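What follows is the content of input_30.txt, which has compact mmCIF, C-alpha atoms and all ligand atoms:
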# COMPACT_ATOMS: atom_id res chain seq x y z
CA MET A 1 16.86 13.34 -2.79
CA ASN A 2 14.45 10.43 -2.64
CA SER A 3 13.63 10.76 1.03
CA PHE A 4 10.77 12.76 2.56
CA LEU A 5 9.01 13.61 5.83
CA HIS A 6 12.17 13.56 7.95
CA GLY A 7 13.40 10.34 6.37
CA ARG A 8 10.27 8.33 7.15
CA VAL A 9 9.33 7.99 3.47
CA SER A 10 11.67 6.77 0.74
CA VAL A 11 11.23 6.26 -2.99
CA VAL A 12 13.07 3.36 -4.65
CA VAL A 13 13.09 1.46 -7.93
CA GLY A 14 12.72 -2.28 -7.51
CA ASP A 15 10.58 -5.36 -7.18
CA ILE A 16 8.07 -5.17 -4.33
CA THR A 17 8.48 -8.88 -3.55
CA ARG A 18 12.20 -8.39 -2.81
CA GLN A 19 11.75 -5.74 -0.12
CA ALA A 20 12.87 -6.88 3.33
CA THR A 21 10.45 -4.59 5.15
CA ASP A 22 8.20 -5.92 7.95
CA ALA A 23 5.19 -5.67 5.65
CA LEU A 24 4.47 -5.45 1.92
CA VAL A 25 1.30 -4.02 0.45
CA ASN A 26 -0.40 -6.02 -2.28
CA ALA A 27 -2.36 -4.32 -5.07
CA ALA A 28 -5.03 -6.99 -4.77
CA ASN A 29 -8.46 -7.33 -6.35
CA SER A 30 -11.71 -7.77 -4.46
CA SER A 31 -11.67 -11.57 -4.85
CA LEU A 32 -8.47 -11.74 -2.73
CA LEU A 33 -7.72 -14.91 -4.68
CA GLY A 34 -4.84 -13.66 -6.79
CA GLY A 35 -4.38 -11.89 -10.10
CA GLY A 36 -1.68 -10.41 -12.33
CA GLY A 37 0.93 -7.71 -11.77
CA VAL A 38 1.95 -7.13 -8.17
CA ASP A 39 -0.69 -9.57 -6.94
CA GLY A 40 0.64 -12.44 -9.07
CA ALA A 41 4.24 -11.65 -8.15
CA ILE A 42 3.50 -11.60 -4.40
CA HIS A 43 1.61 -14.89 -4.46
CA ARG A 44 4.31 -16.53 -6.63
CA ALA A 45 7.12 -15.40 -4.35
CA GLY A 46 5.27 -15.89 -1.06
CA GLY A 47 3.77 -19.31 -1.72
CA ALA A 48 0.50 -21.06 -0.92
CA GLU A 49 0.30 -19.92 2.70
CA ILE A 50 -0.70 -16.40 1.64
CA LEU A 51 -3.43 -17.62 -0.70
CA GLU A 52 -4.76 -19.95 1.98
CA ALA A 53 -4.93 -17.07 4.48
CA CYS A 54 -6.71 -14.95 1.87
CA ARG A 55 -9.20 -17.73 1.24
CA VAL A 56 -10.02 -17.92 4.96
CA ILE A 57 -10.54 -14.14 5.16
CA ARG A 58 -12.71 -14.23 2.05
CA ASN A 59 -14.87 -17.07 3.36
CA THR A 60 -15.26 -15.79 6.90
CA ARG A 61 -15.27 -11.98 6.69
CA TYR A 62 -15.83 -10.98 3.06
CA PRO A 63 -17.96 -13.55 1.25
CA GLU A 64 -18.78 -10.92 -1.38
CA GLY A 65 -15.17 -9.78 -1.73
CA LEU A 66 -13.13 -6.96 -0.20
CA LEU A 67 -14.47 -3.48 -0.98
CA THR A 68 -12.37 -0.97 -2.89
CA GLY A 69 -10.25 1.11 -0.51
CA GLU A 70 -10.26 -1.45 2.30
CA ALA A 71 -7.32 -3.54 3.52
CA VAL A 72 -6.69 -6.86 5.26
CA ILE A 73 -3.52 -8.44 6.61
CA THR A 74 -2.07 -11.95 6.21
CA THR A 75 1.18 -13.76 6.75
CA GLY A 76 4.03 -13.06 4.36
CA GLY A 77 4.54 -16.78 3.76
CA ARG A 78 7.97 -17.36 2.23
CA LEU A 79 8.60 -13.65 1.64
CA ALA A 80 11.20 -11.80 3.68
CA ALA A 81 8.31 -9.60 4.87
CA ARG A 82 6.38 -11.00 7.85
CA HIS A 83 3.07 -9.58 6.71
CA VAL A 84 1.26 -8.84 3.47
CA ILE A 85 -1.41 -6.15 3.58
CA HIS A 86 -3.89 -6.65 0.74
CA THR A 87 -5.79 -3.61 -0.47
CA VAL A 88 -8.09 -3.11 -3.44
CA GLY A 89 -7.35 -0.01 -5.50
CA PRO A 90 -9.98 1.84 -7.50
CA ILE A 91 -10.35 1.08 -11.21
CA TRP A 92 -9.90 4.36 -13.07
CA GLY A 93 -13.22 5.62 -14.42
CA GLN A 94 -15.35 3.09 -12.56
CA HIS A 95 -16.19 4.96 -9.36
CA ALA A 96 -18.13 8.03 -10.47
CA GLY A 97 -15.42 10.53 -9.50
CA ARG A 98 -14.59 8.93 -6.15
CA GLU A 99 -11.32 7.43 -7.44
CA ALA A 100 -9.02 9.77 -5.50
CA GLU A 101 -10.92 9.29 -2.25
CA LEU A 102 -10.75 5.51 -2.69
CA LEU A 103 -7.05 5.48 -3.58
CA ALA A 104 -6.31 7.60 -0.50
CA ALA A 105 -8.32 5.11 1.58
CA CYS A 106 -6.10 2.27 0.33
CA TYR A 107 -3.00 4.01 1.67
CA ARG A 108 -4.63 5.18 4.91
CA ASN A 109 -6.22 1.81 5.74
CA SER A 110 -3.02 -0.09 4.90
CA LEU A 111 -0.99 2.21 7.15
CA ALA A 112 -3.53 1.88 9.97
CA LEU A 113 -3.31 -1.92 9.78
CA ALA A 114 0.48 -1.70 9.81
CA VAL A 115 0.44 0.40 12.98
CA GLU A 116 -2.08 -1.96 14.62
CA HIS A 117 0.31 -4.84 13.94
CA ALA A 118 3.38 -2.98 15.22
CA VAL A 119 4.99 -2.89 11.79
CA ALA A 120 8.13 -0.73 11.76
CA SER A 121 8.66 -0.73 7.99
CA ILE A 122 6.28 -1.12 5.08
CA ALA A 123 6.70 -1.19 1.29
CA PHE A 124 3.98 -0.03 -1.12
CA PRO A 125 3.67 -0.54 -4.87
CA ALA A 126 2.00 2.18 -6.93
CA ILE A 127 -1.53 0.94 -6.28
CA SER A 128 -4.00 1.14 -9.21
CA THR A 129 -1.41 2.45 -11.71
CA GLY A 130 -1.13 -0.85 -13.62
CA VAL A 131 -4.06 -2.81 -14.96
CA TYR A 132 -6.47 -0.55 -13.03
CA GLY A 133 -5.41 2.39 -15.21
CA TYR A 134 -5.00 5.21 -12.64
CA PRO A 135 -2.86 7.97 -14.20
CA ALA A 136 0.53 7.85 -12.49
CA GLU A 137 0.78 11.64 -12.09
CA GLU A 138 -2.50 11.85 -10.22
CA ALA A 139 -1.79 8.71 -8.21
CA ALA A 140 1.47 10.35 -7.06
CA GLN A 141 -0.42 13.37 -5.72
CA VAL A 142 -3.12 11.35 -4.00
CA SER A 143 -0.85 8.71 -2.46
CA SER A 144 1.73 11.18 -1.14
CA GLN A 145 -0.97 13.37 0.37
CA ALA A 146 -2.62 10.39 2.08
CA ILE A 147 0.72 9.19 3.48
CA ARG A 148 1.66 12.67 4.67
CA GLU A 149 -1.68 13.16 6.42
CA PHE A 150 -1.48 9.76 8.09
CA LEU A 151 2.09 10.17 9.36
CA THR A 152 1.49 13.73 10.53
CA ARG A 153 -1.64 12.74 12.44
CA GLU A 154 0.13 9.74 13.91
CA GLU A 155 2.96 11.94 15.14
CA ASP A 156 0.51 14.39 16.76
CA GLY A 157 -1.29 11.50 18.47
CA ALA A 158 1.93 9.86 19.63
CA ALA A 159 2.65 12.71 22.04
CA ASN A 160 -0.31 11.60 24.16
CA ALA A 161 -0.38 7.87 23.50
CA GLU A 162 1.76 5.60 25.62
CA ALA A 163 4.80 4.13 23.88
CA ARG A 164 3.54 2.48 20.74
CA PRO A 165 6.09 0.96 18.36
CA LYS A 166 6.68 3.49 15.66
CA LEU A 167 6.15 3.08 11.94
CA GLU A 168 9.65 4.17 10.99
CA GLU A 169 9.80 3.60 7.27
CA VAL A 170 7.30 3.86 4.43
CA ARG A 171 9.04 2.72 1.24
CA LEU A 172 7.42 3.46 -2.11
CA VAL A 173 8.58 0.92 -4.67
CA PHE A 174 8.41 1.68 -8.40
CA PHE A 175 9.02 -1.02 -10.95
CA THR A 176 10.86 1.21 -13.44
CA PRO A 177 12.99 4.38 -13.25
CA PRO A 178 10.48 6.37 -15.39
CA SER A 179 7.63 5.53 -13.00
CA ALA A 180 9.72 6.64 -10.01
CA GLU A 181 10.55 9.87 -11.85
CA ILE A 182 6.87 10.58 -12.51
CA PHE A 183 6.23 10.13 -8.81
CA LEU A 184 9.12 12.40 -7.84
CA ARG A 185 7.82 15.13 -10.15
CA ASN A 186 4.24 14.98 -8.83
CA HIS A 187 4.28 14.15 -5.13
CA LYS A 188 2.87 16.46 -2.45
CA PHE A 189 5.14 15.60 0.47
CA GLU A 190 6.21 19.20 0.79
P1 LIG B 201 -3.39 -2.47 -10.15
O1 LIG B 201 -4.27 -3.62 -10.59
O2 LIG B 201 -3.75 -1.96 -8.77
O3 LIG B 201 -3.28 -1.42 -11.18
P2 LIG B 201 -0.85 -3.72 -10.88
O4 LIG B 201 -0.24 -4.86 -10.16
O5 LIG B 201 -1.39 -3.99 -12.26
O6 LIG B 201 -1.96 -3.13 -9.90
O7 LIG B 201 0.19 -2.54 -10.99
C1 LIG B 201 0.48 -1.61 -9.98
C2 LIG B 201 1.84 -0.95 -10.25
O8 LIG B 201 2.86 -1.82 -9.80
C3 LIG B 201 2.13 -0.70 -11.73
O9 LIG B 201 2.72 0.60 -11.82
C4 LIG B 201 3.10 -1.79 -12.11
O10 LIG B 201 4.01 -1.36 -13.11
C5 LIG B 201 3.85 -2.01 -10.83
N1 LIG B 201 4.42 -3.37 -10.63
C6 LIG B 201 4.12 -4.52 -11.28
N2 LIG B 201 4.84 -5.54 -10.79
C7 LIG B 201 5.61 -5.03 -9.79
C8 LIG B 201 6.59 -5.58 -8.90
N3 LIG B 201 6.92 -6.87 -8.91
N4 LIG B 201 7.17 -4.73 -7.99
C9 LIG B 201 6.84 -3.42 -7.96
N5 LIG B 201 5.94 -2.85 -8.77
C10 LIG B 201 5.33 -3.64 -9.68

Please re-express this file's structure in structure tokens.
Ligand code: ADP
Amino acid sequence: MNSFLHGRVSVVVGDITRQATDALVNAANSSLLGGGGVDGAIHRAGGAEILEACRVIRNTRYPEGLLTGEAVITTGGRLAARHVIHTVGPIWGQHAGREAELLAACYRNSLALAVEHAVASIAFPAISTGVYGYPAEEAAQVSSQAIREFLTREEDGAANAEARPKLEEVRLVFFTPPSAEIFLRNHKFE
């Protein structure tokens, strides 16, 4: 079974840019001005509108670049997704032991932005596990724990809050079957 937390989380193999969720998460870098991997693919598929929106955010709110663990939201441009949430993952070995904390912050801050923007479905790539070198086994533990904590807390809060549109689906997209299998062997959803 590739579905967790009462069906709110799913694990799939595919290309992040092809997901027809309300929002996609981009494994960006602090420049917000594009890069390789997921970042390159999202900007190629989504077109110039996304880069332009990133440029505006960079110039107005983050002249020095977006900090690791933080997230911002833009249009999805030509993508099927309405929004792209750009977050900067930690570079393995570059954060003096704070890598896990920073990777968890990427997931938590991206999910918080999604909820703020009434996103019902969101697709994540495996942040930091490419060029940034985060070991996939450990990333699986950290990301699943961060997602579980966020969704559990959100559910507890929802009992009191007045009707807020619910984040119904968190889709974790792996580029290859082996990377999905590593995730499925190491997650902490239950
Ligand atoms: P980072 O710089 O945060 O490590 P990368 O983009 O280099 O980000 O890679 C993150 C993960 O996403 C890697 O596991 C990589 O294999 C995977 N990946 C690369 N391209 C895609 C894509 N188009 N869709 C889904 N996953 C992808």

Exercise for the section: With a distance cut-off of 8 Å and only C-alpha atoms, select the neighbouring residues of Ile73 (chain A), excluding the residue or stretch itself and same-chain residues fewer than 2 positions from it, and output the selection as a list in words. Expected result: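 The residues that qualify are Ala71, Thr75, His83, Val84, Ile85, His86 and Leu113 of chain A.
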
Include C-alpha atoms and write out the residues we just selected as a PDB file, in the coordinates of the input.
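The resulting file, out_39.pdb, is reproduced below:
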ATOM      1  CA  ALA A  71      -7.320  -3.540   3.520  1.00  0.00           C
ATOM      2  CA  THR A  75       1.180 -13.760   6.750  1.00  0.00           C
ATOM      3  CA  HIS A  83       3.070  -9.580   6.710  1.00  0.00           C
ATOM      4  CA  VAL A  84       1.260  -8.840   3.470  1.00  0.00           C
ATOM      5  CA  ILE A  85      -1.410  -6.150   3.580  1.00  0.00           C
ATOM      6  CA  HIS A  86      -3.890  -6.650   0.740  1.00  0.00           C
ATOM      7  CA  LEU A 113      -3.310  -1.920   9.780  1.00  0.00           C
TER       8      LEU A 113
END

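CA of Gly37 (chain A) lies 7.1 Å from atom C3 of ligand LIG 201 (chain B).
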
Excluding region 117-134 of chain A and its own-chain neighbours fewer than 3 positions away, which residues fall within 8 Å of it when counting all atoms listed in the file? Please give them as a PyMOL selection string. chain A and resi 16+19+21-27+37-38+89-92+103+113-114+138-139+164-174

Closest of A:Ile57, A:Thr176, A:Glu49, A:Asn2 to ligand LIG 201 (chain B), counting all atoms listed in the file, is A:Thr176

Nearest to ligand LIG 201 (chain B) by atom-to-atom distance, counting only C-alpha atoms and all ligand atoms, from A:Leu79, A:Leu184, A:Ala48, A:Ala41:
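Closest candidate: A:Ala41.
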
Box along x, y and z, 4 Å on every side, all listed atoms of region 147-151 of chain A inside: centre and edge lengths in Å to one decimal, as JSON.
{"center_x": 0.2, "center_y": 11.2, "center_z": 6.4, "size_x": 11.8, "size_y": 12.0, "size_z": 13.9}

Fill in: Straight-line distance linking CA of Ala146 (chain A) with CA of Arg108 (chain A), stated in Å to one decimal
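Answer for the CA of Ala146 (chain A) to CA of Arg108 (chain A) separation: 6.3 Å.
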
Among A:Asn29, A:Ala81, A:Gly14, A:Ala105, Ser179 (chain A) is approached most closely, using only C-alpha atoms, by A:Gly14

Residue with the minimum atom-to-atom distance to Ala104 (chain A), picked from A:Ser143, A:Thr74, A:Asn59, A:Thr87 with only C-alpha atoms counted, is A:Ser143

Cut-off 9 Å around (9.1, 16.7, 3.5) with all atoms listed in the file: residues as an mmCIF file with C-alpha atoms, in the frame of the given file:
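So selection-v4.cif came out as:
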data_model
loop_
_atom_site.group_PDB
_atom_site.id
_atom_site.type_symbol
_atom_site.label_atom_id
_atom_site.label_comp_id
_atom_site.auth_asym_id
_atom_site.auth_seq_id
_atom_site.Cartn_x
_atom_site.Cartn_y
_atom_site.Cartn_z
ATOM 1 C CA SER A 3 13.630 10.760 1.030
ATOM 2 C CA PHE A 4 10.770 12.760 2.560
ATOM 3 C CA LEU A 5 9.010 13.610 5.830
ATOM 4 C CA HIS A 6 12.170 13.560 7.950
ATOM 5 C CA GLY A 7 13.400 10.340 6.370
ATOM 6 C CA VAL A 9 9.330 7.990 3.470
ATOM 7 C CA ARG A 148 1.660 12.670 4.670
ATOM 8 C CA LYS A 188 2.870 16.460 -2.450
ATOM 9 C CA PHE A 189 5.140 15.600 0.470
ATOM 10 C CA GLU A 190 6.210 19.200 0.790
#

Across A:Ala80, A:Leu151, A:Leu111, A:Val88, the smallest distance to ligand LIG 201 (chain B), with all atoms listed in the file counted, is shown by A:Val88

A straight line from CA of Gly47 (chain A) to CA of Leu102 (chain A) spans 28.8 Å

Q: Between A:Glu155, A:Ala180, A:Asn109, A:Asn186, single out the one closest to ligand LIG 201 (chain B), counting all atoms listed in the file.
A: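 Looking at the shortest contact to ligand LIG 201 (chain B), the residue is A:Ala180.
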
Exercise. Which protein, DNA or RNA residues are at most 9 Å from (-19.8, -11.2, -5.3) in the file's coordinates when you count all atoms listed in the file, listed as a list in words?
Worked result: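 All residues meeting the 9 Å criterion around (-19.8, -11.2, -5.3) are Ser30, Ser31, Pro63, Glu64 and Gly65 of chain A.
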
Missing atoms in region 124-135 of chain A: can you complete it with all heavy atoms, as an mmCIF file, in the coordinates of the input?
data_model
loop_
_atom_site.group_PDB
_atom_site.id
_atom_site.type_symbol
_atom_site.label_atom_id
_atom_site.label_comp_id
_atom_site.auth_asym_id
_atom_site.auth_seq_id
_atom_site.Cartn_x
_atom_site.Cartn_y
_atom_site.Cartn_z
ATOM 1 N N PHE A 124 5.175 -0.160 -0.276
ATOM 2 C CA PHE A 124 3.980 -0.030 -1.120
ATOM 3 C C PHE A 124 4.360 -0.087 -2.599
ATOM 4 O O PHE A 124 5.320 0.577 -3.002
ATOM 5 C CB PHE A 124 3.339 1.353 -0.935
ATOM 6 C CG PHE A 124 2.451 1.510 0.259
ATOM 7 C CD1 PHE A 124 2.962 1.977 1.462
ATOM 8 C CD2 PHE A 124 1.085 1.244 0.165
ATOM 9 C CE1 PHE A 124 2.124 2.170 2.566
ATOM 10 C CE2 PHE A 124 0.250 1.436 1.259
ATOM 11 C CZ PHE A 124 0.770 1.887 2.462
ATOM 12 N N PRO A 125 3.563 -0.751 -3.424
ATOM 13 C CA PRO A 125 3.670 -0.540 -4.870
ATOM 14 C C PRO A 125 2.810 0.669 -5.228
ATOM 15 O O PRO A 125 2.119 1.205 -4.360
ATOM 16 C CB PRO A 125 3.057 -1.828 -5.433
ATOM 17 C CG PRO A 125 1.969 -2.158 -4.454
ATOM 18 C CD PRO A 125 2.471 -1.701 -3.093
ATOM 19 N N ALA A 126 2.836 1.059 -6.490
ATOM 20 C CA ALA A 126 2.000 2.180 -6.930
ATOM 21 C C ALA A 126 0.617 1.622 -7.249
ATOM 22 O O ALA A 126 0.304 1.278 -8.392
ATOM 23 C CB ALA A 126 2.626 2.859 -8.149
ATOM 24 N N ILE A 127 -0.201 1.561 -6.192
ATOM 25 C CA ILE A 127 -1.530 0.940 -6.280
ATOM 26 C C ILE A 127 -2.363 1.581 -7.409
ATOM 27 O O ILE A 127 -2.355 2.810 -7.563
ATOM 28 C CB ILE A 127 -2.264 1.112 -4.923
ATOM 29 C CG1 ILE A 127 -1.500 0.369 -3.825
ATOM 30 C CG2 ILE A 127 -3.709 0.619 -5.002
ATOM 31 C CD1 ILE A 127 -1.920 0.765 -2.421
ATOM 32 N N SER A 128 -3.053 0.745 -8.145
ATOM 33 C CA SER A 128 -4.000 1.140 -9.210
ATOM 34 C C SER A 128 -3.352 1.643 -10.493
ATOM 35 O O SER A 128 -4.064 1.892 -11.468
ATOM 36 C CB SER A 128 -5.017 2.189 -8.735
ATOM 37 O OG SER A 128 -6.006 1.580 -7.937
ATOM 38 N N THR A 129 -2.014 1.825 -10.519
ATOM 39 C CA THR A 129 -1.410 2.450 -11.710
ATOM 40 C C THR A 129 -1.056 1.447 -12.805
ATOM 41 O O THR A 129 -0.486 1.825 -13.828
ATOM 42 C CB THR A 129 -0.139 3.252 -11.356
ATOM 43 O OG1 THR A 129 0.848 2.338 -10.855
ATOM 44 C CG2 THR A 129 -0.427 4.326 -10.334
ATOM 45 N N GLY A 130 -1.378 0.162 -12.588
ATOM 46 C CA GLY A 130 -1.130 -0.850 -13.620
ATOM 47 C C GLY A 130 -2.399 -1.138 -14.391
ATOM 48 O O GLY A 130 -2.963 -0.251 -15.044
ATOM 49 N N VAL A 131 -2.857 -2.366 -14.250
ATOM 50 C CA VAL A 131 -4.060 -2.810 -14.960
ATOM 51 C C VAL A 131 -5.269 -1.923 -14.631
ATOM 52 O O VAL A 131 -6.142 -1.729 -15.481
ATOM 53 C CB VAL A 131 -4.365 -4.276 -14.568
ATOM 54 C CG1 VAL A 131 -5.696 -4.742 -15.137
ATOM 55 C CG2 VAL A 131 -3.260 -5.187 -15.071
ATOM 56 N N TYR A 132 -5.317 -1.351 -13.436
ATOM 57 C CA TYR A 132 -6.470 -0.550 -13.030
ATOM 58 C C TYR A 132 -6.468 0.869 -13.626
ATOM 59 O O TYR A 132 -7.425 1.625 -13.433
ATOM 60 C CB TYR A 132 -6.602 -0.496 -11.503
ATOM 61 C CG TYR A 132 -7.234 -1.759 -10.915
ATOM 62 C CD1 TYR A 132 -7.566 -2.851 -11.722
ATOM 63 C CD2 TYR A 132 -7.508 -1.853 -9.552
ATOM 64 C CE1 TYR A 132 -8.140 -3.997 -11.189
ATOM 65 C CE2 TYR A 132 -8.090 -3.001 -9.012
ATOM 66 C CZ TYR A 132 -8.406 -4.072 -9.832
ATOM 67 O OH TYR A 132 -8.977 -5.198 -9.304
ATOM 68 N N GLY A 133 -5.380 1.222 -14.325
ATOM 69 C CA GLY A 133 -5.410 2.390 -15.210
ATOM 70 C C GLY A 133 -5.385 3.774 -14.578
ATOM 71 O O GLY A 133 -5.676 4.769 -15.249
ATOM 72 N N TYR A 134 -5.029 3.888 -13.296
ATOM 73 C CA TYR A 134 -5.000 5.210 -12.640
ATOM 74 C C TYR A 134 -3.800 5.982 -13.182
ATOM 75 O O TYR A 134 -2.683 5.490 -13.139
ATOM 76 C CB TYR A 134 -4.850 5.022 -11.126
ATOM 77 C CG TYR A 134 -5.473 6.124 -10.293
ATOM 78 C CD1 TYR A 134 -6.557 5.880 -9.475
ATOM 79 C CD2 TYR A 134 -4.951 7.417 -10.328
ATOM 80 C CE1 TYR A 134 -7.133 6.880 -8.703
ATOM 81 C CE2 TYR A 134 -5.515 8.430 -9.567
ATOM 82 C CZ TYR A 134 -6.611 8.155 -8.751
ATOM 83 O OH TYR A 134 -7.173 9.150 -8.007
ATOM 84 N N PRO A 135 -4.000 7.207 -13.670
ATOM 85 C CA PRO A 135 -2.860 7.970 -14.200
ATOM 86 C C PRO A 135 -1.800 8.172 -13.124
ATOM 87 O O PRO A 135 -2.102 8.602 -12.003
ATOM 88 C CB PRO A 135 -3.486 9.305 -14.602
ATOM 89 C CG PRO A 135 -4.949 9.034 -14.736
ATOM 90 C CD PRO A 135 -5.269 7.934 -13.775
#
